[in-house]
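First the structure, in the form of structure tokens, and then the observations on it.
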There are 4 protein chains.
Amino acid sequence: MKAVVYKGPYEVAVEDAPDARIEAPNDAVVRITSTNICGSDLHMYEGRTSVEPGKVLGHENMGIVEAVGAGVERVRVGDRVSVPFNIACGTCHNCEQGWTSFCLRTNPTEGVDGAAYGYAKMGPYDGGQAEYLRVPFADFNLLELPPGDDFELDFTLLSDIFPTAYHGCELGEVGPGHTVAVFGAGPVGLLAAHSARLRGAARVFLVDYQRDRLALGAQFGAEPIDFSQGDPVEQILDATGGSPVDRGVEAVGYQAHDPQGEEHPALVLDNLVKVVRSTGAIGVVGVYMPEDPGAAEEGAKQGRIGFDYGTLFSKGLRMGTGQAPVKRYNRELRDLILSGRAKPSMIVSHELGLGDAPDAYRHFDKREDGWTKVVLHPTA
Amino acid sequence: MKAVVYKGPYEVAVEDAPDARIEAPNDAVVRITSTNICGSDLHMYEGRTSVEPGKVLGHENMGIVEAVGAGVERVRVGDRVSVPFNIACGTCHNCEQGWTSFCLRTNPTEGVDGAAYGYAKMGPYDGGQAEYLRVPFADFNLLELPPGDDFELDFTLLSDIFPTAYHGCELGEVGPGHTVAVFGAGPVGLLAAHSARLRGAARVFLVDYQRDRLALGAQFGAEPIDFSQGDPVEQILDATGGSPVDRGVEAVGYQAHDPQGEEHPALVLDNLVKVVRSTGAIGVVGVYMPEDPGAAEEGAKQGRIGFDYGTLFSKGLRMGTGQAPVKRYNRELRDLILSGRAKPSMIVSHELGLGDAPDAYRHFDKREDGWTKVVLHPTA
Amino acid sequence: MKAVVYKGPYEVAVEDAPDARIEAPNDAVVRITSTNICGSDLHMYEGRTSVEPGKVLGHENMGIVEAVGAGVERVRVGDRVSVPFNIACGTCHNCEQGWTSFCLRTNPTEGVDGAAYGYAKMGPYDGGQAEYLRVPFADFNLLELPPGDDFELDFTLLSDIFPTAYHGCELGEVGPGHTVAVFGAGPVGLLAAHSARLRGAARVFLVDYQRDRLALGAQFGAEPIDFSQGDPVEQILDATGGSPVDRGVEAVGYQAHDPQGEEHPALVLDNLVKVVRSTGAIGVVGVYMPEDPGAAEEGAKQGRIGFDYGTLFSKGLRMGTGQAPVKRYNRELRDLILSGRAKPSMIVSHELGLGDAPDAYRHFDKREDGWTKVVLHPTA
Amino acid sequence: MKAVVYKGPYEVAVEDAPDARIEAPNDAVVRITSTNICGSDLHMYEGRTSVEPGKVLGHENMGIVEAVGAGVERVRVGDRVSVPFNIACGTCHNCEQGWTSFCLRTNPTEGVDGAAYGYAKMGPYDGGQAEYLRVPFADFNLLELPPGDDFELDFTLLSDIFPTAYHGCELGEVGPGHTVAVFGAGPVGLLAAHSARLRGAARVFLVDYQRDRLALGAQFGAEPIDFSQGDPVEQILDATGGSPVDRGVEAVGYQAHDPQGEEHPALVLDNLVKVVRSTGAIGVVGVYMPEDPGAAEEGAKQGRIGFDYGTLFSKGLRMGTGQAPVKRYNRELRDLILSGRAKPSMIVSHELGLGDAPDAYRHFDKREDGWTKVVLHPTA
């Protein structure tokens, strides 16, 4: 089968790879109709992780069940399904509590709980930027979708970034009537703004400096804050008449940088601590790493982020972090799509074939204007 | 009236001070039967805050209502009451959500939400290490106690450290069956261990290096971990057969130090991030400050604590912080005392008169052996 | 001052009544700009309660603070405020936990917790269908509104039915992505449908037989179910392809009746038990009474409702009941109005003067077509 | 293999039955070391259900894994395990939310969600009062226990009644400092009292009329209320000085009867509604049935329980009901047993061999003095 293979820093290729196949009784094989390029694929693409050349990339996948193992009985061949990026066993301590993002059994990597397709340190699994994908524990992991091809571009965002964005709101305890600040208007930040509104937020501020993305945010009902035009905290306080916000969402991560492009890993956390009111909460879904050899600062190389913890404490803030357990949210988000209330596909900027992947990685990595979200259709 | 007055670094005196009196219709005056010296009084005593000489200290108070204003109708003269250290209006946005520790109306200090008696930056209020104390918004703030003098040494811990310790467990989401690590076996840490057990924890590890305090912890059902004998994380993992703990409580604060006495403000947070399992939670009630001019490290002077945030994120941990809203817990904790299930007075090491306060501060500040918790009885 | 006075069954009159005035230090007097007639006013109007002739009616009030007592310091003369129908002390056990609808101190009536303005068994307080209203514990009870007269018809619904409707969704645990059945399309049911959507529900079914009300519901995004056209449970299952709903809201109460007008007090509860899926929840804000001498069935006269409890248990349903603690929700709902997301005024059918009250009661009591919600403006 | 087989009303026999065996890839076979007789087995024994003769009874099982199917990889042959009475698929909508008691896939019975071993209407599965038991979806359902035979009598209560009792406290929202009334001192009520204390309750009242059971309750720290000595509500109010309790647990069910033995299915619910304070909660784990042909009252035959709903509403009570999802609690309860905090085996009155089952059913069904809980050891 054809697949997008990591070759080394800034290089991916579409090559022949071994066919995905049933390897265990609870496996399924899914024919991929849509698979997206994610911002975290770029961490690997840029050589900023330990991923080995030869890995098939792609953890945002959906498609049609092609084959199932002898133990699979809920999902059936021909079903249209969304594949959560988390590979979860469904039976360990964390999975039984709904924390599929921290499965204790699917990832043999030392010191890491949780597995994913085609991802550094998240286990030996190949990704789904390919014609076919092997899915372990298929009955547990797969989400059923209505047959046909309606909502394909919405549903394809159920495998990762829509639930991830929503998880940011959950960790940040965003609820009805709240005023919310979302930092970062990449795909996750945009859908965090969308999620905040779906959860009943009264006002949502979306902070970034890329105008096309801020404009998209406005379509989701967010108020854009362009931090290249001045301190974002002051801009938000101006807009609220001086009131801090109730809740915050971090959708940027350790590569946070100023408008000039210089990295300041504590920048966004500091701003959130400033702008959220005492007793508030912050959800962090932008990725922070235990090790980042490419970091500019010494502490940051070891994952140490010296943000303003004293003020965090003085304001009595709560902070939740980490990768999203997709299964906890994808069913309800699917139903919001079906009812017409959620429209995450508004962020999709490009639909391409599998062969276009190398070009797409190049453009997306440069965050070129208009390249918000790329969906590949290997077999549709 | 007689009162304990802050004179300057390492100096307090018992002096005549203006009588506490009704200043507003919702005030009460309480005759103090018991008032404790708190670890955070020592921050002021050591000159490590901005508190001005002349301040009457003491925020852990209880006694008998001596007088009430015209608007007070629930509490009556003669009632025995516990006075939460938080001075809360009962009607602002934070108070109405139960966050009395972050009252928006009682503290005119710039940038600080929440007020307290006799405390740096927490408003102009005198403390209760005195014969009498003025209590604003008395109907809202005061907790009624059974008449008489039963349980005096238990009830006196309801004004701050028992609810503070319990709040650490609440922020750390400690529940039935959990294994918990509490760092710090000072009065708050000891009562956090007690609280964790009351909330149903299966096992509680209590980390410190002072043997007398660890021994007290064992009486509360905790398993002592002496970090002067080796890495506390490894000791805990040895005790569990290698399993990380479910939940953590930080009861140390920014003055965390190694067994040699050298301060490392990130030390305890780092250990908690290591020892708590993925998907777990950490409650932080040890105090961290936005500014600490006396800190050894540059970042720490501005409240920046460069702990291992990358691992926090990778493990998907949640962290809650800040001063306790005493009222949220003191009623239930009182009832646990009355039913005989809670016995916080086990930590009280000294009962003294008001005139003994200068000596008591001196001994307690040196953390002399056996000086765990001092209760003063100004009028009992 | 002029006020709407209950004279006896089916008779109210606009008469001179003693001026509202400050009676205690924490009182305020509010000049009423808007006051609504509520469905529960009709219970009194119809003589189906123990309310005495001479009572000034009206518990849905808003206006301008005219005077304050010596203990009031947060609210100021001239402030525009919403007055929750609950009269709460702010300092009892229930109030401190946010249950202002069950205040333990403001109602001397035997066996009843909770007080209200102008309401049977809810204490000796006169209502606000008058030029002025006395508000006890004003700093605690009053919600501040922006000055001016914008959003008057939205804000006037913050005193009772919008928070009551929202409380039905809270008790029914309505959340993002849910499918919800709301029984009753009176003002509370309509706003329960609105609230369910604001909380992120994917689909909302609204059950009634009055076409004008069902049409209004559709404007809030609900799918109307006309139970005069067939079994509502079957109609809902038809619409979902056979799936039961996730959550239910009861907005009818003990006077539930069939399309022919015959009362069946268990009818709505039975339908909810049928239509909500196993593990689901039901919020009950339609009023049920401990005694109802006018009931048709013997049990119902003593408040006994023989609904299908066996199936409730077999499906593992949860059920929450009771009057809404308005303060818990009115701030966030106000902010949703201000941001333009909530528009409860869509249900207001009539704006009248105080003198029109007798006519308005007559029309509203007959549930005449188009008489959905009446707002009186005594002094605007 | 030998098994306890239902023959007809009031008759069970120990007979040869077909060996339990692997029938699907995710099955395991467990050799039964302990299996208990449950109060709900008596519903079948008494012929009050639709269970067919020939059924092997027994849903409270534990033992050693004897064989596993090809898809089972977490659990291994030789593991000591507890078998939750719920048979759950682990992958349906309810299971993924932790509601294994309402699995949508394992029970083909019309209108019933949830399956169990050897139980009327809960699917075609044989029970574990036998030498061997087939366990579907073994990796999901089985709870691992430490090897050996320590704590056997405690662990054997993890399959049903300890988690069921704990679920009553969860549904009743029992927490630290609460005063709780538990109705029914059968095995579930006794362990509900134990659970309430483990969850931090300050006082627990346990209501029954059987003295031996009340005495056992006292050993768990509960205060016994003998309702043959007078109205239990009045007795509780006497003990509290007139305060209603915070929370209630129903551990009796539809066969509630007065001291004279006459059934009053609304009796316990009425008492709970009376004795729980406004704003409180009630957890119902005593079983109520949609149909009970043997009931005395007409409504009760159809599952209608005409309890005092009007007062429930007036007090704003919440009520949760239904069978326990054992998996949600059994891990933490196991850990509480291991740490020595929980000691559910205190209720076990008899340990017998499989051949003693017919006698044991007879004695237990008569609720003979001292027959609190019977454990059978088919193969130990």
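Note on naming: chains are A, B, ... as they come in the structure tokens, residues start from 1 per chain, ligands start from 1 in the order shown.
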Contacts of D:Leu198 within 12 Å, only C-alpha atoms, excl. fewer than 6 positions in-chain, as number ranges by chain: B: 175-178, 196-202, 341; D: 162, 165-166, 169-170, 174-178, 191-192, 204, 220-222, 332-333, 336-337, 340-344
Step one, run DSSP on the backbone; step two, keep only residues of stretch 41-112 of chain A assigned to strand (DSSP E or B); then write them as a count of residues only. 16
Chain A residues near chain B (6 Å cut-off, only C-alpha atoms) as a PyMOL selection string: chain A and resi 288-290+303-311+313-314+316-322
Work out how far apart atom CA of B:Ala3 and atom CA of B:Arg105 are and give it in Å to one decimal.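 For atom CA of B:Ala3 relative to atom CA of B:Arg105, the distance reads 26.5 Å.
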note - atom CA of C:Asp238 and atom CA of C:Gly189 are separated by 21.6 Å
Which neighbours of D:Leu237 fall inside 12 Å, counting only C-alpha atoms, when residues of the same chain fewer than 3 positions from it are skipped, and could you give them as a JSON list (two decimals) with all heavy atoms, in the first residue's frame?
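The resulting file, out22.json, is reproduced below:
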```json
[["chain", "number", "residue", "atom", "x", "y", "z"],
["D", 179, "THR", "N", -24.20, 13.47, 58.10],
["D", 179, "THR", "CA", -25.02, 12.57, 58.90],
["D", 179, "THR", "C", -25.91, 11.82, 57.91],
["D", 179, "THR", "O", -26.53, 12.44, 57.04],
["D", 179, "THR", "CB", -25.86, 13.36, 59.91],
["D", 179, "THR", "OG1", -24.97, 14.02, 60.81],
["D", 179, "THR", "CG2", -26.77, 12.44, 60.71],
["D", 180, "VAL", "N", -25.96, 10.49, 58.05],
["D", 180, "VAL", "CA", -26.57, 9.65, 57.03],
["D", 180, "VAL", "C", -27.55, 8.67, 57.68],
["D", 180, "VAL", "O", -27.25, 8.13, 58.75],
["D", 180, "VAL", "CB", -25.48, 8.84, 56.29],
["D", 180, "VAL", "CG1", -26.08, 8.00, 55.17],
["D", 180, "VAL", "CG2", -24.40, 9.77, 55.74],
["D", 181, "ALA", "N", -28.68, 8.47, 57.03],
["D", 181, "ALA", "CA", -29.61, 7.42, 57.46],
["D", 181, "ALA", "C", -29.61, 6.32, 56.41],
["D", 181, "ALA", "O", -29.90, 6.57, 55.24],
["D", 181, "ALA", "CB", -31.02, 7.98, 57.62],
["D", 205, "PHE", "N", -26.89, 6.45, 60.87],
["D", 205, "PHE", "CA", -27.98, 5.72, 61.52],
["D", 205, "PHE", "C", -28.37, 4.55, 60.62],
["D", 205, "PHE", "O", -28.51, 4.72, 59.41],
["D", 205, "PHE", "CB", -29.18, 6.63, 61.74],
["D", 205, "PHE", "CG", -28.89, 7.77, 62.67],
["D", 205, "PHE", "CD1", -28.66, 9.05, 62.18],
["D", 205, "PHE", "CD2", -28.81, 7.55, 64.05],
["D", 205, "PHE", "CE1", -28.35, 10.10, 63.05],
["D", 205, "PHE", "CE2", -28.51, 8.60, 64.91],
["D", 205, "PHE", "CZ", -28.28, 9.87, 64.41],
["D", 225, "ILE", "N", -31.01, 1.87, 64.84],
["D", 225, "ILE", "CA", -32.38, 2.36, 65.06],
["D", 225, "ILE", "C", -33.31, 1.18, 64.83],
["D", 225, "ILE", "O", -33.46, 0.71, 63.70],
["D", 225, "ILE", "CB", -32.71, 3.49, 64.05],
["D", 225, "ILE", "CG1", -31.76, 4.67, 64.20],
["D", 225, "ILE", "CG2", -34.18, 3.92, 64.19],
["D", 225, "ILE", "CD1", -31.91, 5.48, 65.47],
["D", 231, "ASP", "N", -41.36, 4.83, 65.68],
["D", 231, "ASP", "CA", -41.13, 5.47, 64.38],
["D", 231, "ASP", "C", -39.65, 5.78, 64.19],
["D", 231, "ASP", "O", -39.05, 6.51, 64.97],
["D", 231, "ASP", "CB", -41.95, 6.77, 64.34],
["D", 231, "ASP", "CG", -41.74, 7.52, 63.05],
["D", 231, "ASP", "OD1", -41.62, 6.88, 61.99],
["D", 231, "ASP", "OD2", -41.65, 8.76, 63.10],
["D", 232, "PRO", "N", -39.04, 5.23, 63.15],
["D", 232, "PRO", "CA", -37.59, 5.43, 62.98],
["D", 232, "PRO", "C", -37.22, 6.89, 62.73],
["D", 232, "PRO", "O", -36.15, 7.33, 63.15],
["D", 232, "PRO", "CB", -37.25, 4.54, 61.78],
["D", 232, "PRO", "CG", -38.53, 4.32, 61.06],
["D", 232, "PRO", "CD", -39.61, 4.36, 62.10],
["D", 233, "VAL", "N", -38.09, 7.63, 62.06],
["D", 233, "VAL", "CA", -37.78, 9.04, 61.80],
["D", 233, "VAL", "C", -37.70, 9.81, 63.12],
["D", 233, "VAL", "O", -36.77, 10.57, 63.36],
["D", 233, "VAL", "CB", -38.84, 9.66, 60.86],
["D", 233, "VAL", "CG1", -38.66, 11.17, 60.75],
["D", 233, "VAL", "CG2", -38.78, 9.00, 59.48],
["D", 234, "GLU", "N", -38.66, 9.56, 63.99],
["D", 234, "GLU", "CA", -38.62, 10.24, 65.28],
["D", 234, "GLU", "C", -37.41, 9.83, 66.10],
["D", 234, "GLU", "O", -36.79, 10.66, 66.77],
["D", 234, "GLU", "CB", -39.91, 9.95, 66.07],
["D", 234, "GLU", "CG", -41.08, 10.80, 65.60],
["D", 234, "GLU", "CD", -42.36, 10.43, 66.32],
["D", 234, "GLU", "OE1", -42.28, 9.96, 67.48],
["D", 234, "GLU", "OE2", -43.44, 10.60, 65.72],
["D", 240, "THR", "N", -30.48, 13.32, 67.02],
["D", 240, "THR", "CA", -29.73, 14.46, 66.47],
["D", 240, "THR", "C", -30.15, 15.77, 67.12],
["D", 240, "THR", "O", -29.67, 16.83, 66.72],
["D", 240, "THR", "CB", -29.97, 14.61, 64.96],
["D", 240, "THR", "OG1", -31.37, 14.88, 64.76],
["D", 240, "THR", "CG2", -29.57, 13.37, 64.18],
["D", 241, "GLY", "N", -31.04, 15.71, 68.07],
["D", 241, "GLY", "CA", -31.54, 16.95, 68.64],
["D", 241, "GLY", "C", -32.48, 17.67, 67.69],
["D", 241, "GLY", "O", -32.61, 18.89, 67.73],
["D", 242, "GLY", "N", -33.12, 16.90, 66.80],
["D", 242, "GLY", "CA", -34.14, 17.50, 65.94],
["D", 242, "GLY", "C", -33.68, 17.81, 64.54],
["D", 242, "GLY", "O", -34.50, 18.20, 63.69],
["D", 243, "SER", "N", -32.39, 17.66, 64.25],
["D", 243, "SER", "CA", -31.92, 17.95, 62.89],
["D", 243, "SER", "C", -32.19, 16.78, 61.96],
["D", 243, "SER", "O", -31.86, 15.63, 62.29],
["D", 243, "SER", "CB", -30.41, 18.18, 62.90],
["D", 243, "SER", "OG", -30.09, 19.31, 63.65],
["D", 244, "PRO", "N", -32.73, 17.06, 60.78],
["D", 244, "PRO", "CA", -32.83, 15.99, 59.79],
["D", 244, "PRO", "C", -31.42, 15.60, 59.34],
["D", 244, "PRO", "O", -30.46, 16.32, 59.58],
["D", 244, "PRO", "CB", -33.62, 16.64, 58.65],
["D", 244, "PRO", "CG", -33.43, 18.11, 58.82],
["D", 244, "PRO", "CD", -33.22, 18.35, 60.29],
["D", 245, "VAL", "N", -31.31, 14.45, 58.69],
["D", 245, "VAL", "CA", -30.00, 13.99, 58.23],
["D", 245, "VAL", "C", -29.66, 14.62, 56.88],
["D", 245, "VAL", "O", -30.53, 15.11, 56.17],
["D", 245, "VAL", "CB", -29.94, 12.46, 58.14],
["D", 245, "VAL", "CG1", -30.25, 11.83, 59.50],
["D", 245, "VAL", "CG2", -30.88, 11.93, 57.08],
["D", 271, "ASN", "N", -40.21, 7.37, 54.53],
["D", 271, "ASN", "CA", -39.37, 7.70, 55.69],
["D", 271, "ASN", "C", -38.13, 8.49, 55.28],
["D", 271, "ASN", "O", -37.72, 9.41, 55.97],
["D", 271, "ASN", "CB", -38.98, 6.42, 56.44],
["D", 271, "ASN", "CG", -40.09, 5.95, 57.35],
["D", 271, "ASN", "OD1", -40.89, 6.75, 57.83],
["D", 271, "ASN", "ND2", -40.16, 4.64, 57.57],
["D", 274, "LYS", "N", -38.96, 12.01, 54.60],
["D", 274, "LYS", "CA", -39.18, 12.74, 55.85],
["D", 274, "LYS", "C", -37.89, 13.11, 56.56],
["D", 274, "LYS", "O", -37.76, 14.21, 57.10],
["D", 274, "LYS", "CB", -40.01, 11.86, 56.80],
["D", 274, "LYS", "CG", -41.47, 12.19, 56.87],
["D", 274, "LYS", "CD", -42.13, 11.43, 58.02],
["D", 274, "LYS", "CE", -43.48, 10.87, 57.57],
["D", 274, "LYS", "NZ", -43.84, 9.63, 58.22],
["D", 275, "VAL", "N", -36.95, 12.18, 56.58],
["D", 275, "VAL", "CA", -35.81, 12.34, 57.50],
["D", 275, "VAL", "C", -34.62, 13.06, 56.87],
["D", 275, "VAL", "O", -33.72, 13.49, 57.59],
["D", 275, "VAL", "CB", -35.40, 10.96, 58.07],
["D", 275, "VAL", "CG1", -34.49, 10.21, 57.11],
["D", 275, "VAL", "CG2", -34.75, 11.12, 59.44],
["D", 276, "VAL", "N", -34.60, 13.16, 55.54],
["D", 276, "VAL", "CA", -33.48, 13.85, 54.88],
["D", 276, "VAL", "C", -33.79, 15.33, 54.79],
["D", 276, "VAL", "O", -34.92, 15.71, 54.47],
["D", 276, "VAL", "CB", -33.21, 13.25, 53.49],
["D", 276, "VAL", "CG1", -32.15, 14.05, 52.74],
["D", 276, "VAL", "CG2", -32.77, 11.79, 53.61],
["D", 277, "ARG", "N", -32.83, 16.16, 55.05],
["D", 277, "ARG", "CA", -33.08, 17.60, 55.08],
["D", 277, "ARG", "C", -33.26, 18.17, 53.67],
["D", 277, "ARG", "O", -32.79, 17.58, 52.69],
["D", 277, "ARG", "CB", -31.95, 18.33, 55.80],
["D", 277, "ARG", "CG", -30.65, 18.42, 55.06],
["D", 277, "ARG", "CD", -29.62, 19.12, 55.97],
["D", 277, "ARG", "NE", -28.33, 19.28, 55.36],
["D", 277, "ARG", "CZ", -28.00, 20.31, 54.59],
["D", 277, "ARG", "NH1", -28.86, 21.27, 54.33],
["D", 277, "ARG", "NH2", -26.80, 20.39, 54.06]]
```
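Our summary of the geometry notes that atom CA of D:Val72 is positioned 8.0 Å from atom CA of D:Phe137.
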Return as a list of chain:residue names the full set of residues in stretch 291-325 of chain A whose backbone-based DSSP assignment is helix (DSSP H, G or I). A:Glu298, A:Gly299, A:Ala300, A:Lys301, A:Tyr309, A:Gly310, A:Thr311, A:Leu312, A:Phe313, A:Ser314
Nearby residues (only C-alpha atoms) at most 7 Å from C:Gln129, same-chain spacing under 3 positions excluded, as an MDAnalysis selection string: chainID C and resid 3:4 35 56:58
Residues within 9 Å of A:Val182, please, as a list in words. Count only C-alpha atoms; anything in the same chain fewer than 2 positions from it doesn't count.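 Here the answer would be Val180, Gly184, Ala185, Gly189, Leu190, Ala192, Ala193, Val204, Phe205, Leu206, Val207, Arg247, Gly248, Val249, Glu250, Ala251 and Leu272 of chain A.
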Written file, previous selection with N, CA and C atoms, as a CSV table (one decimal), in the first residue's frame:
```
chain,number,residue,atom,x,y,z
A,180,VAL,N,-13.9,33.7,28.2
A,180,VAL,CA,-12.8,32.8,28.0
A,180,VAL,C,-11.7,33.4,27.1
A,184,GLY,N,-3.7,31.1,21.0
A,184,GLY,CA,-3.3,30.2,19.9
A,184,GLY,C,-4.5,30.0,19.0
A,185,ALA,N,-4.4,30.4,17.7
A,185,ALA,CA,-5.5,30.3,16.7
A,185,ALA,C,-5.1,29.3,15.6
A,189,GLY,N,-6.7,25.8,18.6
A,189,GLY,CA,-7.2,27.0,19.2
A,189,GLY,C,-8.5,27.4,18.6
A,190,LEU,N,-8.6,27.4,17.3
A,190,LEU,CA,-9.9,27.7,16.6
A,190,LEU,C,-11.0,26.8,17.1
A,192,ALA,N,-11.0,25.2,19.9
A,192,ALA,CA,-11.3,25.5,21.3
A,192,ALA,C,-12.3,26.7,21.4
A,193,ALA,N,-12.1,27.7,20.6
A,193,ALA,CA,-13.0,28.8,20.6
A,193,ALA,C,-14.4,28.2,20.2
A,204,VAL,N,-15.7,34.9,24.0
A,204,VAL,CA,-14.4,34.1,23.8
A,204,VAL,C,-13.4,35.1,23.1
A,205,PHE,N,-12.3,35.3,23.7
A,205,PHE,CA,-11.2,36.0,23.1
A,205,PHE,C,-10.2,35.0,22.5
A,206,LEU,N,-9.8,35.2,21.3
A,206,LEU,CA,-8.9,34.3,20.6
A,206,LEU,C,-7.6,35.1,20.2
A,207,VAL,N,-6.5,34.7,20.8
A,207,VAL,CA,-5.2,35.4,20.7
A,207,VAL,C,-4.3,34.8,19.7
A,247,ARG,N,-11.9,32.0,32.5
A,247,ARG,CA,-11.3,30.8,32.1
A,247,ARG,C,-10.3,31.0,31.0
A,248,GLY,N,-9.3,30.1,30.9
A,248,GLY,CA,-8.3,30.2,29.9
A,248,GLY,C,-8.0,28.9,29.2
A,249,VAL,N,-7.6,28.9,28.0
A,249,VAL,CA,-7.2,27.7,27.3
A,249,VAL,C,-5.8,28.0,26.6
A,250,GLU,N,-4.9,27.1,26.8
A,250,GLU,CA,-3.6,27.2,26.2
A,250,GLU,C,-3.5,26.2,25.0
A,251,ALA,N,-3.4,26.8,23.8
A,251,ALA,CA,-3.4,26.0,22.6
A,251,ALA,C,-2.2,26.3,21.7
A,272,LEU,N,-1.7,33.8,30.5
A,272,LEU,CA,-2.9,33.2,31.1
A,272,LEU,C,-3.0,33.5,32.6
```
Could you name the residues that touch stretch 139-144 of chain D at 6 Å or less, counting only C-alpha atoms, but leaving out those on the same chain fewer than 3 positions away, as a PDB file with N, CA, C and O atoms, in the first residue's frame?
```pdb
ATOM      1  N   THR A  91      -9.028  -1.731  28.936  1.00  0.00           N
ATOM      2  CA  THR A  91      -9.188  -2.579  30.123  1.00  0.00           C
ATOM      3  C   THR A  91      -8.209  -2.268  31.255  1.00  0.00           C
ATOM      4  O   THR A  91      -8.294  -2.882  32.310  1.00  0.00           O
TER       5      THR A  91
ATOM      6  N   VAL D  72      -7.869 -12.722  24.791  1.00  0.00           N
ATOM      7  CA  VAL D  72      -7.626 -12.274  26.170  1.00  0.00           C
ATOM      8  C   VAL D  72      -6.128 -12.161  26.396  1.00  0.00           C
ATOM      9  O   VAL D  72      -5.393 -13.126  26.178  1.00  0.00           O
ATOM     10  N   ARG D  74      -4.756  -9.471  28.871  1.00  0.00           N
ATOM     11  CA  ARG D  74      -4.417  -8.795  30.125  1.00  0.00           C
ATOM     12  C   ARG D  74      -4.466  -9.793  31.284  1.00  0.00           C
ATOM     13  O   ARG D  74      -3.530  -9.890  32.078  1.00  0.00           O
ATOM     14  N   VAL D  75      -5.546 -10.524  31.356  1.00  0.00           N
ATOM     15  CA  VAL D  75      -5.724 -11.535  32.391  1.00  0.00           C
ATOM     16  C   VAL D  75      -5.017 -12.810  31.955  1.00  0.00           C
ATOM     17  O   VAL D  75      -5.036 -13.156  30.774  1.00  0.00           O
ATOM     18  N   VAL D  81      -8.993 -13.639  40.690  1.00  0.00           N
ATOM     19  CA  VAL D  81      -9.828 -12.537  40.206  1.00  0.00           C
ATOM     20  C   VAL D  81     -11.165 -12.464  40.927  1.00  0.00           C
ATOM     21  O   VAL D  81     -11.698 -13.472  41.390  1.00  0.00           O
ATOM     22  N   SER D  82     -11.693 -11.231  40.963  1.00  0.00           N
ATOM     23  CA  SER D  82     -13.082 -11.019  41.360  1.00  0.00           C
ATOM     24  C   SER D  82     -13.901 -10.810  40.091  1.00  0.00           C
ATOM     25  O   SER D  82     -13.465 -10.114  39.167  1.00  0.00           O
ATOM     26  N   VAL D  83     -15.094 -11.428  40.053  1.00  0.00           N
ATOM     27  CA  VAL D  83     -15.967 -11.339  38.874  1.00  0.00           C
ATOM     28  C   VAL D  83     -17.147 -10.430  39.194  1.00  0.00           C
ATOM     29  O   VAL D  83     -18.048 -10.823  39.942  1.00  0.00           O
TER      30      VAL D  83
END
```
